[in-house]
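Chemist: This is coords_9.txt, which holds compact mmCIF, C-alpha atoms:
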# COMPACT_ATOMS: atom_id res chain seq x y z
CA MET X 557 -5.84 -33.70 -8.01
CA ALA X 558 -9.42 -34.13 -9.19
CA ILE X 559 -11.00 -35.57 -12.32
CA ILE X 560 -13.43 -33.47 -14.35
CA LYS X 561 -15.86 -35.12 -16.73
CA GLY X 562 -17.98 -33.24 -19.25
CA LEU X 563 -19.10 -33.17 -22.87
CA VAL X 564 -17.78 -30.72 -25.45
CA SER X 565 -18.07 -30.66 -29.24
CA GLU X 566 -15.61 -32.84 -31.16
CA THR X 567 -14.20 -29.81 -32.98
CA LEU X 568 -13.53 -27.99 -29.71
CA GLU X 569 -11.93 -31.07 -28.21
CA LYS X 570 -9.73 -31.58 -31.29
CA ASN X 571 -8.61 -27.93 -31.38
CA PHE X 572 -7.98 -27.87 -27.65
CA ARG X 573 -5.93 -31.08 -27.73
CA ARG X 574 -3.87 -29.81 -30.68
CA LYS X 575 -3.17 -26.48 -28.98
CA ALA X 576 -2.28 -28.20 -25.71
CA MET X 577 0.26 -30.40 -27.49
CA GLU X 578 1.73 -27.40 -29.32
CA LYS X 579 2.11 -25.50 -26.10
CA TYR X 580 3.20 -28.18 -23.64
CA GLY X 581 4.65 -30.81 -25.95
CA TYR X 582 3.53 -34.33 -26.66
CA SER X 583 3.83 -35.42 -23.08
CA LYS X 584 1.44 -37.19 -20.75
CA GLY X 585 0.47 -34.14 -18.68
CA ALA X 586 0.04 -31.65 -21.54
CA PHE X 587 -3.73 -31.94 -21.80
CA SER X 588 -4.22 -31.58 -18.03
CA LYS X 589 -1.93 -28.53 -17.87
CA ALA X 590 -3.84 -26.81 -20.67
CA LEU X 591 -7.19 -27.69 -19.10
CA GLU X 592 -6.10 -26.28 -15.76
CA LYS X 593 -4.94 -23.05 -17.42
CA ALA X 594 -8.22 -22.75 -19.36
CA ILE X 595 -10.28 -23.18 -16.19
CA GLU X 596 -8.15 -20.63 -14.32
CA LEU X 597 -8.64 -18.04 -17.06
CA TRP X 598 -12.38 -18.67 -17.23
CA LEU X 599 -12.69 -18.29 -13.46
CA GLU X 600 -10.71 -15.06 -13.58
CA LEU X 601 -12.99 -13.73 -16.28
CA GLU X 602 -16.20 -14.64 -14.47
CA THR X 603 -15.48 -14.19 -10.77
CA ASP X 604 -15.48 -10.40 -10.48
CA GLU X 605 -18.69 -9.91 -12.39
CA ASP X 606 -21.54 -8.46 -10.38
CA GLU X 607 -25.19 -8.11 -11.37
CA GLU X 608 -24.85 -4.59 -12.67
CA GLU X 609 -21.85 -5.43 -14.80
CA ASN X 610 -23.60 -8.50 -16.11
CA ALA X 611 -26.73 -6.49 -17.02
CA ASN X 612 -24.67 -3.89 -18.88
CA ASN X 613 -22.76 -6.48 -20.86
CA GLU X 614 -25.96 -8.34 -21.71
CA ALA X 615 -27.54 -5.07 -22.82
CA TYR X 616 -24.53 -4.40 -25.03
CA LEU X 617 -24.91 -7.79 -26.71
CA LYS X 618 -28.62 -7.23 -27.22
CA LEU X 619 -28.20 -3.70 -28.58
CA ARG X 620 -24.95 -4.23 -30.48
CA ASP X 621 -26.44 -4.18 -33.99
CA GLU X 622 -28.52 -1.10 -33.27
CA ILE X 623 -25.54 0.64 -31.68
CA LEU X 624 -23.35 -0.13 -34.69
CA ARG X 625 -26.04 1.24 -37.03
CA SER X 626 -26.91 4.39 -35.12
CA TYR X 627 -23.78 5.44 -33.24
CA SER X 628 -20.86 4.57 -35.50
CA GLY X 629 -17.74 6.54 -34.51
CA LYS X 630 -19.38 7.93 -31.37
CA TYR X 631 -18.93 7.16 -27.70
CA VAL X 632 -21.84 5.36 -26.07
CA ALA X 633 -22.53 4.79 -22.37
CA ILE X 634 -24.62 1.88 -21.08
CA ALA X 635 -25.68 1.82 -17.44
CA GLY X 636 -28.50 0.09 -15.64
CA GLY X 637 -28.89 -2.14 -18.70
CA LYS X 638 -29.68 0.67 -21.17
CA ILE X 639 -28.04 3.38 -23.26
CA VAL X 640 -27.78 6.48 -21.07
CA ALA X 641 -25.53 8.81 -23.07
CA SER X 642 -23.66 9.27 -26.32
CA GLY X 643 -21.26 11.84 -27.69
CA ASP X 644 -18.49 12.56 -30.14
CA SER X 645 -15.70 12.25 -27.61
CA PHE X 646 -15.02 10.57 -24.27
CA THR X 647 -15.42 13.88 -22.46
CA ASP X 648 -18.95 14.29 -23.89
CA ILE X 649 -20.08 11.40 -21.67
CA PRO X 650 -21.33 12.97 -18.43
CA PRO X 651 -20.05 11.79 -15.06
CA VAL X 652 -22.13 9.29 -13.11
CA PRO X 653 -24.22 10.96 -10.39
CA LYS X 654 -22.77 9.95 -7.03
CA GLY X 655 -23.99 6.55 -5.87
CA LYS X 656 -26.24 5.96 -8.88
CA PHE X 657 -24.29 3.19 -10.58
CA SER X 658 -21.34 1.03 -9.59
CA HIS X 659 -20.68 -0.08 -13.16
CA ARG X 660 -21.05 1.53 -16.55
CA LEU X 661 -19.86 0.73 -20.06
CA VAL X 662 -18.31 3.55 -22.09
CA PHE X 663 -16.86 2.73 -25.48
CA LYS X 664 -16.23 4.10 -28.94
CA VAL X 665 -18.49 2.35 -31.42
CA GLY X 666 -16.68 0.51 -34.21
CA VAL X 667 -13.29 0.55 -32.49
CA GLU X 668 -12.05 -2.88 -31.52
CA PRO X 669 -8.65 -2.81 -29.83
CA SER X 670 -6.38 -5.80 -30.28
CA ARG X 671 -7.49 -8.86 -28.29
CA ARG X 672 -3.95 -10.11 -27.72
CA VAL X 673 -1.48 -7.98 -25.81
CA HIS X 674 2.18 -8.59 -25.09
CA LEU X 675 2.84 -7.32 -21.61
CA GLY X 676 6.62 -7.12 -21.74
CA TRP X 677 9.33 -7.86 -19.23
CA ARG X 678 8.03 -5.80 -16.36
CA VAL X 679 4.81 -7.63 -15.82
CA SER X 680 4.11 -10.42 -13.40
CA ARG X 681 1.28 -11.19 -11.06
CA GLN X 682 1.54 -10.08 -7.44
CA ASN X 683 -0.83 -11.23 -4.70
CA ALA X 684 -4.23 -11.33 -6.35
CA GLY X 685 -7.04 -9.16 -5.03
CA PRO X 686 -10.38 -7.97 -6.37
CA THR X 687 -10.33 -5.49 -9.25
CA SER X 688 -13.89 -4.49 -8.55
CA GLY X 689 -15.04 -2.06 -5.90
CA MET Q 1081 16.44 20.11 -38.56
CA GLU Q 1082 14.53 18.95 -35.50
CA SER Q 1083 14.58 21.38 -32.63
CA PHE Q 1084 14.75 20.25 -29.03
CA LYS Q 1085 12.56 22.26 -26.73
CA ALA Q 1086 12.64 22.38 -22.99
CA GLU Q 1087 9.84 19.83 -22.56
CA CYS Q 1088 11.35 16.84 -20.84
CA TRP Q 1089 10.81 14.52 -17.91
CA PRO Q 1090 13.41 13.05 -15.56
CA TYR Q 1091 13.74 9.29 -15.41
CA LYS Q 1092 11.82 7.62 -12.61
CA ARG Q 1093 13.54 5.61 -9.87
CA VAL Q 1094 12.15 2.05 -9.83
CA ASN Q 1095 13.80 -0.78 -7.87
CA ASP Q 1096 17.19 0.96 -7.81
CA ASN Q 1097 17.04 1.67 -11.53
CA ASP Q 1098 16.36 4.91 -13.37
CA VAL Q 1099 13.75 4.30 -16.06
CA PRO Q 1100 12.24 6.51 -18.78
CA ALA Q 1101 8.98 8.15 -17.80
CA LEU Q 1102 6.44 10.63 -19.11
CA GLY Q 1103 4.21 12.99 -17.15
CA VAL Q 1104 0.52 12.49 -17.85
CA SER Q 1105 -2.86 13.48 -16.53
CA ILE Q 1106 -5.61 10.85 -16.66
CA ILE Q 1107 -9.17 11.88 -17.47
CA GLY Q 1108 -11.50 9.18 -16.17
CA PRO Q 1109 -15.17 9.05 -15.17
CA LEU Q 1110 -14.46 11.12 -12.04
CA GLY Q 1111 -12.45 13.81 -13.80
CA ALA Q 1112 -8.73 14.51 -13.95
CA PHE Q 1113 -6.05 12.73 -11.96
CA PRO Q 1114 -3.90 14.21 -10.64
CA GLU Q 1115 -6.02 17.34 -10.44
CA LYS Q 1116 -2.95 19.54 -10.64
CA ASP Q 1117 0.49 18.65 -11.93
CA GLU Q 1118 1.17 15.37 -13.71
CA LEU Q 1119 1.72 11.73 -12.87
CA PRO Q 1120 5.07 10.29 -13.98
CA VAL Q 1121 4.46 6.95 -15.68
CA ARG Q 1122 7.09 4.53 -16.89
CA VAL Q 1123 7.48 4.10 -20.66
CA ASP Q 1124 7.79 0.46 -21.73
CA THR Q 1125 8.14 -0.49 -25.38
CA GLY Q 1126 7.82 -4.17 -24.44
CA TYR Q 1127 4.16 -3.54 -23.64
CA ASP Q 1128 2.36 -3.20 -26.94
CA SER Q 1129 -0.91 -1.60 -25.86
CA PHE Q 1130 -1.90 1.84 -24.45
CA PHE Q 1131 -1.84 2.18 -20.65
CA LEU Q 1132 -1.33 -0.73 -18.26
CA MET Q 1133 -2.59 0.35 -14.88
CA SER Q 1134 -2.17 -1.06 -11.40
CA GLU Q 1135 -5.33 -2.49 -9.86
CA ALA Q 1136 -5.07 0.11 -7.10
CA LEU Q 1137 -5.10 3.04 -9.52
CA TYR Q 1138 -7.84 1.43 -11.63
CA ARG Q 1139 -9.99 1.25 -8.49
CA LYS Q 1140 -9.05 4.73 -7.29
CA LEU Q 1141 -10.09 6.28 -10.61
CA ARG Q 1142 -13.34 4.29 -10.53
CA LEU Q 1143 -12.69 2.97 -14.01
CA ARG Q 1144 -15.48 0.44 -13.60
CA LEU Q 1145 -17.64 3.41 -14.56
CA SER Q 1146 -16.09 3.58 -18.02
CA GLU Q 1147 -15.33 -0.04 -18.87
CA ILE Q 1148 -15.57 -1.28 -22.40
CA PRO Q 1149 -17.75 -4.35 -23.08
CA LYS Q 1150 -16.33 -7.59 -21.83
CA GLN Q 1151 -16.43 -9.01 -25.36
CA LEU Q 1152 -13.69 -6.50 -26.25
CA TRP Q 1153 -11.35 -7.26 -23.37
CA ALA Q 1154 -7.98 -8.78 -24.20
CA THR Q 1155 -5.75 -11.58 -23.09
CA GLY Q 1156 -2.33 -10.40 -22.01
CA LYS Q 1157 0.75 -12.59 -22.25
CA SER Q 1158 3.89 -12.07 -20.19
CA VAL Q 1159 7.36 -12.98 -21.43
CA THR Q 1160 7.21 -16.13 -19.34
CA GLY Q 1161 4.06 -17.19 -21.18
CA GLU Q 1162 1.67 -16.45 -18.33
CA LEU Q 1163 -1.78 -15.40 -19.53
CA PHE Q 1164 -3.94 -12.73 -17.92
CA VAL Q 1165 -7.46 -11.52 -18.58
CA LEU Q 1166 -7.18 -7.76 -19.11
CA ARG Q 1167 -10.11 -5.61 -18.00
CA ARG Q 1168 -10.34 -2.54 -20.15
CA ALA Q 1169 -11.78 0.91 -19.53
CA SER Q 1170 -12.05 3.99 -21.74
CA LEU Q 1171 -10.19 7.10 -20.67
CA MET Q 1172 -8.35 10.11 -21.98
CA ILE Q 1173 -4.70 10.79 -21.36
CA LYS Q 1174 -3.33 14.31 -21.44
CA VAL Q 1175 0.34 15.06 -21.83
CA PRO Q 1176 0.33 18.64 -20.59
CA LYS Q 1177 3.89 19.47 -21.66
CA ALA Q 1178 3.18 18.25 -25.18
CA ARG Q 1179 -0.25 19.96 -25.23
CA LEU Q 1180 -1.61 16.65 -26.36
CA GLN Q 1181 -4.66 14.62 -25.43
CA LEU Q 1182 -5.31 11.07 -26.54
CA GLU Q 1183 -8.39 8.91 -26.25
CA GLY Q 1184 -7.51 5.36 -25.34
CA TYR Q 1185 -7.99 2.72 -22.72
CA ALA Q 1186 -6.52 1.44 -19.50
CA GLU Q 1187 -5.90 -2.24 -18.93
CA THR Q 1188 -5.38 -4.07 -15.69
CA PHE Q 1189 -5.39 -7.60 -14.36
CA LYS Q 1190 -5.59 -9.27 -10.99
CA GLY Q 1191 -2.43 -8.72 -9.02
CA ASN Q 1192 -0.95 -6.05 -11.30
CA GLU Q 1193 1.05 -3.36 -9.54
CA GLU Q 1194 2.64 -1.71 -12.59
CA ASN Q 1195 1.72 1.48 -14.42
CA LEU Q 1196 3.13 1.47 -17.93
CA LEU Q 1197 2.70 3.50 -21.10
CA GLY Q 1198 2.99 1.22 -24.11
CA LEU Q 1199 3.58 1.29 -27.84
CA LYS Q 1200 0.03 2.28 -28.78
CA PHE Q 1201 0.37 5.36 -26.61
CA LEU Q 1202 3.79 6.20 -28.04
CA GLU Q 1203 2.43 6.19 -31.60
CA ALA Q 1204 1.29 9.77 -31.03
CA LEU Q 1205 4.54 11.12 -29.61
CA ARG Q 1206 8.05 11.81 -30.78
CA ILE Q 1207 10.42 11.36 -27.88
CA THR Q 1208 14.10 10.70 -27.40
CA LEU Q 1209 15.77 9.08 -24.43
CA ASP Q 1210 18.76 10.96 -23.10
CA GLY Q 1211 20.50 8.17 -21.20
CA PRO Q 1212 23.49 10.11 -19.81
CA LYS Q 1213 21.25 12.86 -18.48
CA LYS Q 1214 18.45 10.46 -17.55
CA MET Q 1215 15.80 12.49 -19.28
CA THR Q 1216 12.91 11.68 -21.61
CA ARG Q 1217 12.73 14.52 -24.12
CA LEU Q 1218 9.87 15.56 -26.29
CA VAL Q 1219 10.83 16.28 -29.90
CA GLN Q 1220 8.69 19.04 -31.40
What does this structure look like when you write it as structure tokens?

Modeler:
Amino acid sequence: MAIIKGLVSETLEKNFRRKAMEKYGYSKGAFSKALEKAIELWLELETDEDEEENANNEAYLKLRDEILRSYSGKYVAIAGGKIVASGDSFTDIPPVPKGKFSHRLVFKVGVEPSRRVHLGWRVSRQNAGPTSG
Amino acid sequence: MESFKAECWPYKRVNDNDVPALGVSIIGPLGAFPEKDELPVRVDTGYDSFFLMSEALYRKLRLRLSEIPKQLWATGKSVTGELFVLRRASLMIKVPKARLQLEGYAETFKGNEENLLGLKFLEALRITLDGPKKMTRLVQ
């Protein structure tokens, strides 16, 4: 076991501590369990990201307002850090020329699918491997 | 009265059990998969999203070329309370026998080996499960 020290805002600390107690009970190890789970999830979110993926997601954040204004209801593709295609349906987005990109964003503007998903009884994690590639 | 047409799919054998399945064709950034015929995919009403895909299939279809922004990914929760970061990619699903095509998204997470069609997908279909005959039937 290791000790991690760092500074976070008081609000974040308060919310995190409350949630940890709700989830794991008012026991001694609750905070540590929740912290470990939070770090695991963050690592899972960040580890697979490569430069191209990072550039596309950063471009999306930068262009988000413009995309919402100009492409509402349409599909937009971002590759190489810029908008490369748009269309009324998913099939209007052309295929990527072979070898040109290893990552591309394609999404319908204004549609935000639910951020919490119940996976059901079938789902459990098998031996973990890379999703990328 | 509702009429039953011939469109139906046999249950799929999974771990010594017969489970309801639907035949679909997946349109991803590389085109249709399978190119001919259809892929039988298990129907699971316990999964409340669109299409949960194994990592292997997600890679095979090169869905990193149609991912949705990371800010719109989801957190998936299993019945045991385990949490997973779900990568998401845009795709289109065709149900050839129903002459239906749906725009939606695939989700996967590290270590996932399941392919499941969930509640969001089923919103567009009327199906009945014929347990004794082990068939999923499309209601027209």

Chemist: My list of candidates is Q:Pro1212, Q:Gly1161, Q:Pro1149, Q:Gly1191. Which is closest to X:Lys579 when distances are computed with all atoms listed in the file?

Modeler: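 With all atoms listed in the file as the atom set, the closest residue is Q:Gly1161.
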
Chemist: For Q:Pro1120, which residue out of Q:Leu1143, Q:Leu1166, Q:Val1175, Q:Ile1207 is the nearest one, using only C-alpha atoms?

Modeler: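 That would be Q:Val1175, the residue with the smallest distance to Q:Pro1120.
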
Chemist: Between atom CA of X:Arg678 and atom CA of X:Ala590, what distance in Å does the model show, to one decimal?

Modeler: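 The value is 24.5 Å.
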
Chemist: Select, from Q:Val1165, Q:Leu1197, Q:Ala1204, Q:Met1215, the residue with the minimum atom-to-atom distance to chain X, counting only C-alpha atoms.

Modeler: Q:Val1165

Chemist: I need the chain Q residues near chain X as a PyMOL selection string; criterion: at most 8 Å, counting only C-alpha atoms.

Modeler: chain Q and resi 1109-1111+1124-1129+1135-1136+1138-1139+1144-1150+1152-1159+1163-1165+1169-1172+1183+1189-1194

Chemist: I'd like the contact shell of stretch 1101-1107 of chain Q - 7 Å cut-off, only C-alpha atoms, skipping same-chain residues fewer than 6 positions apart - returned as an MDAnalysis selection string.

Modeler: chainID Q and resid 1089:1092 1113:1114 1118:1123 1171:1176 1216

Chemist: Using 6 Å of padding on each side, determine the axis-aligned box around all atoms of stretch 1189-1193 of chain Q present in the file and give its centre and edge lengths in Å to one decimal, as lines of an AutoDock Vina configuration file.

Modeler:
center_x = -2.3
center_y = -6.3
center_z = -11.7
size_x = 18.6
size_y = 17.9
size_z = 17.3

Chemist: Any idea what the distance is between atom CA of X:Gly666 and atom CA of X:Ile639?

Modeler: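 Going from atom CA of X:Gly666 over to atom CA of X:Ile639 covers 16.0 Å.
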
Chemist: Any idea what the distance is between atom CA of Q:Glu1115 and atom CA of Q:Met1133?

Modeler: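 Calculated distance between atom CA of Q:Glu1115 and atom CA of Q:Met1133 is 17.9 Å.
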
Chemist: Which is closest to Q:Gly1198 among Q:Leu1132, Q:Leu1137, Q:Leu1180, Q:Leu1218, if we use only C-alpha atoms?

Modeler: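 Of all the options, Q:Leu1132 lies closest to Q:Gly1198.
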
Chemist: Find, counting all atoms listed in the file, the residue in X:Ser588, X:Val665, X:Val640, X:Lys561 that gets nearest to X:Ser626.

Modeler: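 Ranked by minimum distance to X:Ser626, first place goes to X:Val665.
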